[in-house]
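Undergrad: Submitted below is the structure of interest, expressed as structure tokens.
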Amino acid sequence: MFPARVETMLRPVIKRFSPYFALLKKVKGRFLAGIGAGFLFAVASGFGMPFVVEKVFPVIFGQVQSILDVRQALVEKSDEKTADAMLEEAFPGKLAQAHKLEIFSAQVAEYVGKEKAPVTILFGACLFLPIAFLVRGAAGFLNVYWTTQCGLEVLKDIQQRVFEKLQRLPLGFFSGRKTGDLISRVMGDTQMLQMVVTTVANDIVKQPLTLVSALGYLGYKSYQSRESFFLLLCLLSIPICVLPIRIIGKKLMLRAAVMQATQGDNTAVLGETLGAAREIRAFNLEDLMAGRFLAGLGRWTKLHLKVVKYRFLAPPAIEFVSAVVVSAALFYGARQNFSLEAFLPLVLALYMCYDPMKKLGEVHNRLKQGSVSLDRLEEILDAPESTPEPVSPVTLSTVQGAITFHAVNFSYGDAPALRDISVEIPAGQIVALVGPSGAGKTTFASMDPRFYDPVEGSIQLDGVDLRELRKKDLRDHITLVPQEAVLFSGSIEENIRLGKTSASPEQIREAARQANAGDFILQQPQGYDTPVGERGAQLSGGQKQRISIARAFLRDAPVLILD
Ligand SMILES: Nc1ncnc2c1ncn2[C@@H]1O[C@H](COP(=O)(O)OP(=O)(O)OP(=O)(O)O)[C@@H](O)[C@H]1O
Ligand SMILES: [Mg+2]
């Protein structure tokens, strides 16, 4: 069967997303309610509207009453049986409907009196339309609201997952990447994934069901009579629709990949420019940076238009195919002298096959576009954590702080940064490392808190290999003051407190005094409560350095490294 073809096309793409659909489990009830509302919406629009037109309008316009009048006239000329037979042939089903209404009006007349009965029925009939719209509108709203709510929940989970993963990744992961691109992955690509999960989950149930039921209707009709022509038409044209969807989907995926990457580049340029406001002014680089940003924007606009082009090309292509097929059906129907009443439902069912095809084509394209974002996210989510945690960690009760390097070799890339280093630093000793720029001092310091693991050799703390300690425990024992002091936005006190979150204000002031920072802090307008600005922009380089040293003193770890 052809719907199976559609399914085989979608299945591999959906499979990639399935772990993320699993995130919907948490909001299962709400999501099912949303889909239920979608069903109600579909029924109200696909069935409710035609129902109102078919059943209620004849009552409102008195067609039912006039049939009874015609019957009366016929009965007078012949007998009841002949009259009924004639009417049934001319207007099939209408007579039964009229009788039902007759009985119904008699019942209504009992309550409101014979005079008011027609008005009451008319009023009741007129109520159907607003009620149908009310149900349809409310269901449509709830459908969108609930599925969006679930989608946002999924978005939150994915963003949190990526964020936490980024915290666990080794430093090496970041050195080859642009921060801006990573930001655009966490904020932008996750949103794409959220859109895929909700809209797709919503359509993947609704649309095939409509397709199958419309095909079922056509199949049933062709089994009953000779209208199998319609079913055949529909079945033959489905592969014609699937083909453009596939081709367009492939093109879309390529463009979407470049588009998302360009978005990342643009965020990176913006981030770098904002982070280096002083340097850009000093070197008169404003125009250069603006040019770079504009070029990026231009590239992105072009690619976005291409993506839009491919994404919105599939529906009109399918509509065109369906128009051709419906025309063929019209041609055939006219030649066969079909009555309008027999013909309309068939054409409607035919059309009902194309609408889901169109929607599923969109779903397919969205999945393609979404899988590009998924690639970008999985680059983060599946990145190896190259300094793994030990399986059975050793816990040190008291740490002396003796550090030993045993024939350590390390390289960032191909060129070695540390070659055959063996050092023994006993606990309680102060050791200074001297060497030219690029000699490897920072690298040496980074090995102790396990920012990197040695390629060969081993490092020990109090005789225990660092790889046998939990990273969190190890870093509790070692304090590293980096070459460039890094402050977070917040007050001076908050920045020092990061060394030990449980510290009392007195301990913080003592640590600041030890770091020679006490005096300048008290001269600040708000003392310890003075905000430092983003990355400490409101302080001098030396002041930042001292706050960062105070933070390290507060920590009071057995091993202190000043880079
Ligand atoms: N993240 C990195 N990726 C690749 N190579 C790196 C990285 N960090 C440092 N290097 C290289 O490793 C070598 C040692 O660098 P390191 O930062 O340890 O030097 P340093 O002695 O601290 O220098 P400085 O006195 O200038 O701070 C240098 O050749 C440098 O180019
Ligand atoms: Mg250094």
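By order of appearance in the structure tokens: chains A, B, ..., then residues from 1 within every chain, and ligands from 1 in the order shown.
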Show me which residues are within 10 Å of ligand 2 counting only C-alpha atoms and all ligand atoms, and format the list as a list in words.
TA: Gly435, Pro436, Ser437, Gly438, Ala439, Gly440, Lys441, Thr442, Thr443, Phe444, Ala445, Ser446, Pro482, Gln483, Glu484 and Asp563 of chain A
Undergrad: Output C-alpha atoms for every residue in the selection just made, as a JSON list (two decimals), in the first residue's frame.
TA:
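again_5.json was written with the following content:
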```
[["chain", "number", "residue", "atom", "x", "y", "z"],
["A", 435, "GLY", "CA", 60.47, 29.83, 32.12],
["A", 436, "PRO", "CA", 59.91, 31.84, 28.96],
["A", 437, "SER", "CA", 56.50, 32.47, 27.53],
["A", 438, "GLY", "CA", 55.02, 29.34, 26.04],
["A", 439, "ALA", "CA", 57.35, 27.09, 28.05],
["A", 440, "GLY", "CA", 54.45, 25.17, 29.56],
["A", 441, "LYS", "CA", 53.94, 26.71, 33.01],
["A", 442, "THR", "CA", 50.18, 27.08, 32.63],
["A", 443, "THR", "CA", 50.01, 23.61, 31.15],
["A", 444, "PHE", "CA", 51.91, 22.22, 34.14],
["A", 445, "ALA", "CA", 49.49, 23.98, 36.51],
["A", 446, "SER", "CA", 46.44, 22.73, 34.58],
["A", 482, "PRO", "CA", 44.52, 31.64, 36.83],
["A", 483, "GLN", "CA", 46.86, 33.94, 34.94],
["A", 484, "GLU", "CA", 43.92, 36.13, 33.96],
["A", 563, "ASP", "CA", 49.65, 30.90, 37.62]]
```
Undergrad: Neighbouring residues of stretch 192-197 of chain A were defined as those with any atom within 8 Å, considering only C-alpha atoms; residues of the same chain fewer than 6 positions away were excluded. Please report them as number ranges by chain.
TA: A: 17, 20-21, 151-152, 154-155, 366-367, 370-371, 373-374
Undergrad: What would the file look like if the residues just selected were written as a PDB file, in the first residue's frame with N, CA, C and O atoms?
TA:
```pdb
ATOM      1  N   PHE A  17      14.806  10.948  16.315  1.00  0.00           N
ATOM      2  CA  PHE A  17      14.272  11.890  17.296  1.00  0.00           C
ATOM      3  C   PHE A  17      13.677  11.197  18.504  1.00  0.00           C
ATOM      4  O   PHE A  17      13.367  11.846  19.487  1.00  0.00           O
ATOM      5  N   TYR A  20      14.228  12.002  22.080  1.00  0.00           N
ATOM      6  CA  TYR A  20      13.775  13.323  22.508  1.00  0.00           C
ATOM      7  C   TYR A  20      12.265  13.353  22.689  1.00  0.00           C
ATOM      8  O   TYR A  20      11.745  14.085  23.517  1.00  0.00           O
ATOM      9  N   PHE A  21      11.565  12.500  21.893  1.00  0.00           N
ATOM     10  CA  PHE A  21      10.128  12.373  22.127  1.00  0.00           C
ATOM     11  C   PHE A  21       9.895  11.815  23.526  1.00  0.00           C
ATOM     12  O   PHE A  21       8.879  12.100  24.155  1.00  0.00           O
ATOM     13  N   GLY A 151       5.858  21.414  24.547  1.00  0.00           N
ATOM     14  CA  GLY A 151       7.064  21.691  23.775  1.00  0.00           C
ATOM     15  C   GLY A 151       8.039  22.538  24.571  1.00  0.00           C
ATOM     16  O   GLY A 151       9.239  22.291  24.568  1.00  0.00           O
ATOM     17  N   LEU A 152       7.523  23.531  25.293  1.00  0.00           N
ATOM     18  CA  LEU A 152       8.401  24.396  26.078  1.00  0.00           C
ATOM     19  C   LEU A 152       9.047  23.610  27.209  1.00  0.00           C
ATOM     20  O   LEU A 152      10.196  23.837  27.570  1.00  0.00           O
ATOM     21  N   VAL A 154       9.800  20.460  27.032  1.00  0.00           N
ATOM     22  CA  VAL A 154      10.860  19.690  26.378  1.00  0.00           C
ATOM     23  C   VAL A 154      12.063  20.592  26.115  1.00  0.00           C
ATOM     24  O   VAL A 154      13.212  20.204  26.358  1.00  0.00           O
ATOM     25  N   LEU A 155      11.792  21.805  25.640  1.00  0.00           N
ATOM     26  CA  LEU A 155      12.867  22.756  25.354  1.00  0.00           C
ATOM     27  C   LEU A 155      13.716  22.986  26.598  1.00  0.00           C
ATOM     28  O   LEU A 155      14.943  22.964  26.561  1.00  0.00           O
ATOM     29  N   ARG A 366      10.332  19.345   7.969  1.00  0.00           N
ATOM     30  CA  ARG A 366      10.704  19.860   9.292  1.00  0.00           C
ATOM     31  C   ARG A 366      11.651  18.911   9.991  1.00  0.00           C
ATOM     32  O   ARG A 366      12.589  19.321  10.654  1.00  0.00           O
ATOM     33  N   LEU A 367      11.366  17.616   9.836  1.00  0.00           N
ATOM     34  CA  LEU A 367      12.245  16.626  10.455  1.00  0.00           C
ATOM     35  C   LEU A 367      13.652  16.746   9.884  1.00  0.00           C
ATOM     36  O   LEU A 367      14.637  16.660  10.602  1.00  0.00           O
ATOM     37  N   GLY A 370      15.129  19.788  11.311  1.00  0.00           N
ATOM     38  CA  GLY A 370      15.390  19.542  12.725  1.00  0.00           C
ATOM     39  C   GLY A 370      16.573  18.624  12.936  1.00  0.00           C
ATOM     40  O   GLY A 370      17.323  18.787  13.896  1.00  0.00           O
ATOM     41  N   SER A 371      16.785  17.677  12.016  1.00  0.00           N
ATOM     42  CA  SER A 371      17.893  16.747  12.251  1.00  0.00           C
ATOM     43  C   SER A 371      19.237  17.444  12.085  1.00  0.00           C
ATOM     44  O   SER A 371      20.234  17.005  12.649  1.00  0.00           O
ATOM     45  N   SER A 373      19.772  20.476  13.297  1.00  0.00           N
ATOM     46  CA  SER A 373      19.968  21.021  14.632  1.00  0.00           C
ATOM     47  C   SER A 373      20.360  19.916  15.604  1.00  0.00           C
ATOM     48  O   SER A 373      21.181  20.114  16.495  1.00  0.00           O
ATOM     49  N   LEU A 374      19.756  18.746  15.395  1.00  0.00           N
ATOM     50  CA  LEU A 374      20.071  17.626  16.268  1.00  0.00           C
ATOM     51  C   LEU A 374      21.553  17.254  16.133  1.00  0.00           C
ATOM     52  O   LEU A 374      22.234  17.009  17.135  1.00  0.00           O
TER      53      LEU A 374
END
```
Undergrad: Nearest to ligand 1: which of A:Ser422, A:Ser411, A:Ser502, A:Gln65 is it, counting only C-alpha atoms and all ligand atoms?
TA: A:Ser411
Undergrad: So how many Å separate atom CA of A:Phe410 and atom CA of A:Val455, to one decimal?
TA: 5.1 Å
Undergrad: What's around A:Gln460 at 6 Å? Count only C-alpha atoms, leave out sequence neighbours fewer than 4 positions away in its own chain, and write the answer as an MDAnalysis selection string.
TA: chainID A and resid 403:404 464:466
Undergrad: Can you pull out the residues contacting stretch 237-239 of chain A? Cut-off 8 Å, using only C-alpha atoms, and skip same-chain residues under 2 positions away; I want them as a list in words.
TA: Phe2, Leu233, Cys234, Leu235, Cys241, Val242, Leu243, Val321, Ser322, Val325 and Met357 of chain A
Undergrad: Go ahead and write the residues just picked, all heavy atoms, as a PDB file, in the first residue's frame.
TA:
```pdb
ATOM      1  N   PHE A   2       0.314   2.314  -0.555  1.00  0.00           N
ATOM      2  CA  PHE A   2       1.112   3.533  -0.661  1.00  0.00           C
ATOM      3  C   PHE A   2       1.325   4.294   0.639  1.00  0.00           C
ATOM      4  O   PHE A   2       2.375   4.849   0.849  1.00  0.00           O
ATOM      5  CB  PHE A   2       0.523   4.436  -1.747  1.00  0.00           C
ATOM      6  CG  PHE A   2       0.811   3.913  -3.107  1.00  0.00           C
ATOM      7  CD1 PHE A   2      -0.193   3.434  -3.907  1.00  0.00           C
ATOM      8  CD2 PHE A   2       2.109   3.872  -3.577  1.00  0.00           C
ATOM      9  CE1 PHE A   2       0.083   2.923  -5.159  1.00  0.00           C
ATOM     10  CE2 PHE A   2       2.393   3.369  -4.828  1.00  0.00           C
ATOM     11  CZ  PHE A   2       1.374   2.883  -5.621  1.00  0.00           C
ATOM     12  N   LEU A 233      -6.959   6.560  -9.069  1.00  0.00           N
ATOM     13  CA  LEU A 233      -6.365   7.874  -9.320  1.00  0.00           C
ATOM     14  C   LEU A 233      -5.536   8.311  -8.135  1.00  0.00           C
ATOM     15  O   LEU A 233      -4.396   8.749  -8.254  1.00  0.00           O
ATOM     16  CB  LEU A 233      -7.473   8.911  -9.530  1.00  0.00           C
ATOM     17  CG  LEU A 233      -7.864   9.262 -10.950  1.00  0.00           C
ATOM     18  CD1 LEU A 233      -8.858  10.408 -10.929  1.00  0.00           C
ATOM     19  CD2 LEU A 233      -6.643   9.647 -11.755  1.00  0.00           C
ATOM     20  N   CYS A 234      -6.144   8.158  -6.961  1.00  0.00           N
ATOM     21  CA  CYS A 234      -5.500   8.612  -5.742  1.00  0.00           C
ATOM     22  C   CYS A 234      -4.226   7.816  -5.488  1.00  0.00           C
ATOM     23  O   CYS A 234      -3.166   8.369  -5.220  1.00  0.00           O
ATOM     24  CB  CYS A 234      -6.470   8.460  -4.597  1.00  0.00           C
ATOM     25  SG  CYS A 234      -5.868   9.208  -3.135  1.00  0.00           S
ATOM     26  N   LEU A 235      -4.338   6.499  -5.603  1.00  0.00           N
ATOM     27  CA  LEU A 235      -3.189   5.642  -5.324  1.00  0.00           C
ATOM     28  C   LEU A 235      -2.051   5.895  -6.294  1.00  0.00           C
ATOM     29  O   LEU A 235      -0.884   5.871  -5.927  1.00  0.00           O
ATOM     30  CB  LEU A 235      -3.601   4.172  -5.379  1.00  0.00           C
ATOM     31  CG  LEU A 235      -4.530   3.717  -4.266  1.00  0.00           C
ATOM     32  CD1 LEU A 235      -4.786   2.228  -4.357  1.00  0.00           C
ATOM     33  CD2 LEU A 235      -3.928   4.066  -2.909  1.00  0.00           C
ATOM     34  N   CYS A 241       3.545  12.563  -5.565  1.00  0.00           N
ATOM     35  CA  CYS A 241       3.718  13.575  -4.516  1.00  0.00           C
ATOM     36  C   CYS A 241       4.943  13.278  -3.667  1.00  0.00           C
ATOM     37  O   CYS A 241       5.643  14.181  -3.222  1.00  0.00           O
ATOM     38  CB  CYS A 241       2.507  13.598  -3.601  1.00  0.00           C
ATOM     39  SG  CYS A 241       1.037  14.136  -4.430  1.00  0.00           S
ATOM     40  N   VAL A 242       5.190  11.985  -3.410  1.00  0.00           N
ATOM     41  CA  VAL A 242       6.286  11.614  -2.522  1.00  0.00           C
ATOM     42  C   VAL A 242       7.633  12.013  -3.113  1.00  0.00           C
ATOM     43  O   VAL A 242       8.535  12.455  -2.406  1.00  0.00           O
ATOM     44  CB  VAL A 242       6.229  10.104  -2.226  1.00  0.00           C
ATOM     45  CG1 VAL A 242       7.486   9.648  -1.509  1.00  0.00           C
ATOM     46  CG2 VAL A 242       4.997   9.789  -1.396  1.00  0.00           C
ATOM     47  N   LEU A 243       7.738  11.915  -4.428  1.00  0.00           N
ATOM     48  CA  LEU A 243       9.009  12.210  -5.089  1.00  0.00           C
ATOM     49  C   LEU A 243       9.501  13.637  -4.807  1.00  0.00           C
ATOM     50  O   LEU A 243      10.617  13.809  -4.315  1.00  0.00           O
ATOM     51  CB  LEU A 243       8.857  11.958  -6.590  1.00  0.00           C
ATOM     52  CG  LEU A 243      10.171  11.685  -7.305  1.00  0.00           C
ATOM     53  CD1 LEU A 243      10.764  10.358  -6.858  1.00  0.00           C
ATOM     54  CD2 LEU A 243       9.958  11.694  -8.809  1.00  0.00           C
ATOM     55  N   VAL A 321      -0.482  18.742  -8.082  1.00  0.00           N
ATOM     56  CA  VAL A 321      -0.788  17.353  -8.451  1.00  0.00           C
ATOM     57  C   VAL A 321      -2.247  17.039  -8.137  1.00  0.00           C
ATOM     58  O   VAL A 321      -2.969  16.453  -8.960  1.00  0.00           O
ATOM     59  CB  VAL A 321       0.152  16.374  -7.702  1.00  0.00           C
ATOM     60  CG1 VAL A 321      -0.282  14.940  -7.952  1.00  0.00           C
ATOM     61  CG2 VAL A 321       1.587  16.571  -8.149  1.00  0.00           C
ATOM     62  N   SER A 322      -2.705  17.474  -6.957  1.00  0.00           N
ATOM     63  CA  SER A 322      -4.084  17.144  -6.584  1.00  0.00           C
ATOM     64  C   SER A 322      -5.080  17.852  -7.511  1.00  0.00           C
ATOM     65  O   SER A 322      -6.115  17.275  -7.867  1.00  0.00           O
ATOM     66  CB  SER A 322      -4.353  17.472  -5.119  1.00  0.00           C
ATOM     67  OG  SER A 322      -4.211  18.844  -4.897  1.00  0.00           O
ATOM     68  N   VAL A 325      -5.319  15.846 -10.623  1.00  0.00           N
ATOM     69  CA  VAL A 325      -6.084  14.612 -10.418  1.00  0.00           C
ATOM     70  C   VAL A 325      -7.574  14.907 -10.265  1.00  0.00           C
ATOM     71  O   VAL A 325      -8.417  14.204 -10.839  1.00  0.00           O
ATOM     72  CB  VAL A 325      -5.543  13.850  -9.198  1.00  0.00           C
ATOM     73  CG1 VAL A 325      -6.398  12.633  -8.920  1.00  0.00           C
ATOM     74  CG2 VAL A 325      -4.104  13.433  -9.436  1.00  0.00           C
ATOM     75  N   MET A 357      -1.274  14.377   2.870  1.00  0.00           N
ATOM     76  CA  MET A 357      -0.007  14.230   2.142  1.00  0.00           C
ATOM     77  C   MET A 357       0.802  15.509   2.230  1.00  0.00           C
ATOM     78  O   MET A 357       2.004  15.498   2.447  1.00  0.00           O
ATOM     79  CB  MET A 357      -0.273  13.944   0.664  1.00  0.00           C
ATOM     80  CG  MET A 357      -0.833  12.606   0.349  1.00  0.00           C
ATOM     81  SD  MET A 357       0.374  11.316   0.578  1.00  0.00           S
ATOM     82  CE  MET A 357       1.628  11.890  -0.530  1.00  0.00           C
TER      83      MET A 357
END
```
Undergrad: Which residues are close to A:Phe320, i.e. within 12 Å by only C-alpha atoms, leaving aside same-chain residues fewer than 6 positions away? Reply as a PyMOL selection string.
TA: chain A and resi 237+240-241+244+313-314+326-327+351+354-355+358
Undergrad: Kindly save the residues from that selection, with all heavy atoms included, as a compact mmCIF listing (two decimals), in the first residue's frame.
TA:
```txt
# COMPACT_ATOMS: atom_id res chain seq x y z
N SER A 237 -1.39 8.71 -7.82
CA SER A 237 -0.77 10.03 -7.72
C SER A 237 0.04 10.22 -6.43
O SER A 237 0.85 11.14 -6.35
CB SER A 237 -1.82 11.12 -7.84
OG SER A 237 -2.85 10.89 -6.93
N ILE A 240 3.69 10.26 -6.99
CA ILE A 240 4.09 11.50 -7.68
C ILE A 240 4.32 12.61 -6.66
O ILE A 240 5.16 13.47 -6.83
CB ILE A 240 3.02 11.94 -8.70
CG1 ILE A 240 2.75 10.79 -9.68
CG2 ILE A 240 3.45 13.19 -9.45
CD1 ILE A 240 1.70 11.11 -10.71
N CYS A 241 3.55 12.56 -5.57
CA CYS A 241 3.72 13.57 -4.52
C CYS A 241 4.94 13.28 -3.67
O CYS A 241 5.64 14.18 -3.22
CB CYS A 241 2.51 13.60 -3.60
SG CYS A 241 1.04 14.14 -4.43
N PRO A 244 8.66 14.67 -5.11
CA PRO A 244 9.17 16.03 -4.81
C PRO A 244 9.47 16.23 -3.33
O PRO A 244 10.42 16.93 -3.00
CB PRO A 244 8.03 16.94 -5.27
CG PRO A 244 6.85 16.07 -5.43
CD PRO A 244 7.35 14.71 -5.74
N LEU A 313 7.91 24.85 -0.84
CA LEU A 313 7.71 24.44 -2.22
C LEU A 313 6.90 23.15 -2.29
O LEU A 313 6.12 22.95 -3.23
CB LEU A 313 9.09 24.21 -2.88
CG LEU A 313 9.16 24.48 -4.37
CD1 LEU A 313 8.74 25.91 -4.67
CD2 LEU A 313 10.58 24.25 -4.86
N ALA A 314 7.05 22.31 -1.29
CA ALA A 314 6.36 21.01 -1.33
C ALA A 314 4.84 21.15 -1.33
O ALA A 314 4.18 20.53 -2.17
CB ALA A 314 6.83 20.14 -0.17
N VAL A 326 -7.90 15.98 -9.53
CA VAL A 326 -9.31 16.31 -9.36
C VAL A 326 -9.93 16.67 -10.72
O VAL A 326 -11.06 16.29 -11.03
CB VAL A 326 -9.49 17.45 -8.34
CG1 VAL A 326 -10.91 18.00 -8.37
CG2 VAL A 326 -9.18 16.95 -6.94
N SER A 327 -9.15 17.36 -11.57
CA SER A 327 -9.65 17.69 -12.91
C SER A 327 -9.92 16.43 -13.71
O SER A 327 -10.94 16.31 -14.40
CB SER A 327 -8.64 18.54 -13.67
OG SER A 327 -8.52 19.78 -13.05
N TYR A 351 -9.85 14.78 -2.20
CA TYR A 351 -9.12 15.94 -1.67
C TYR A 351 -8.55 15.63 -0.29
O TYR A 351 -7.43 16.02 0.04
CB TYR A 351 -10.05 17.15 -1.61
CG TYR A 351 -9.36 18.34 -1.00
CD1 TYR A 351 -8.44 19.08 -1.74
CD2 TYR A 351 -9.60 18.70 0.32
CE1 TYR A 351 -7.78 20.15 -1.18
CE2 TYR A 351 -8.94 19.76 0.89
CZ TYR A 351 -8.03 20.48 0.13
OH TYR A 351 -7.37 21.52 0.69
N TYR A 354 -5.14 14.32 -0.16
CA TYR A 354 -4.01 15.18 -0.47
C TYR A 354 -3.63 16.09 0.67
O TYR A 354 -2.46 16.41 0.85
CB TYR A 354 -4.31 16.00 -1.73
CG TYR A 354 -4.30 15.11 -2.93
CD1 TYR A 354 -5.47 14.74 -3.56
CD2 TYR A 354 -3.10 14.61 -3.40
CE1 TYR A 354 -5.46 13.89 -4.63
CE2 TYR A 354 -3.07 13.76 -4.48
CZ TYR A 354 -4.26 13.40 -5.10
OH TYR A 354 -4.23 12.56 -6.14
N ASP A 355 -4.62 16.48 1.45
CA ASP A 355 -4.31 17.39 2.55
C ASP A 355 -3.32 16.75 3.53
O ASP A 355 -2.31 17.36 3.86
CB ASP A 355 -5.60 17.82 3.25
CG ASP A 355 -5.37 19.05 4.08
OD1 ASP A 355 -4.74 20.00 3.55
OD2 ASP A 355 -5.77 19.06 5.25
N LYS A 358 0.08 16.61 2.06
CA LYS A 358 0.72 17.92 2.11
C LYS A 358 1.33 18.14 3.49
O LYS A 358 2.48 18.52 3.63
CB LYS A 358 -0.34 18.98 1.82
CG LYS A 358 0.19 20.29 1.36
CD LYS A 358 -0.93 21.19 0.87
CE LYS A 358 -1.70 21.79 2.01
NZ LYS A 358 -2.82 22.61 1.58
```
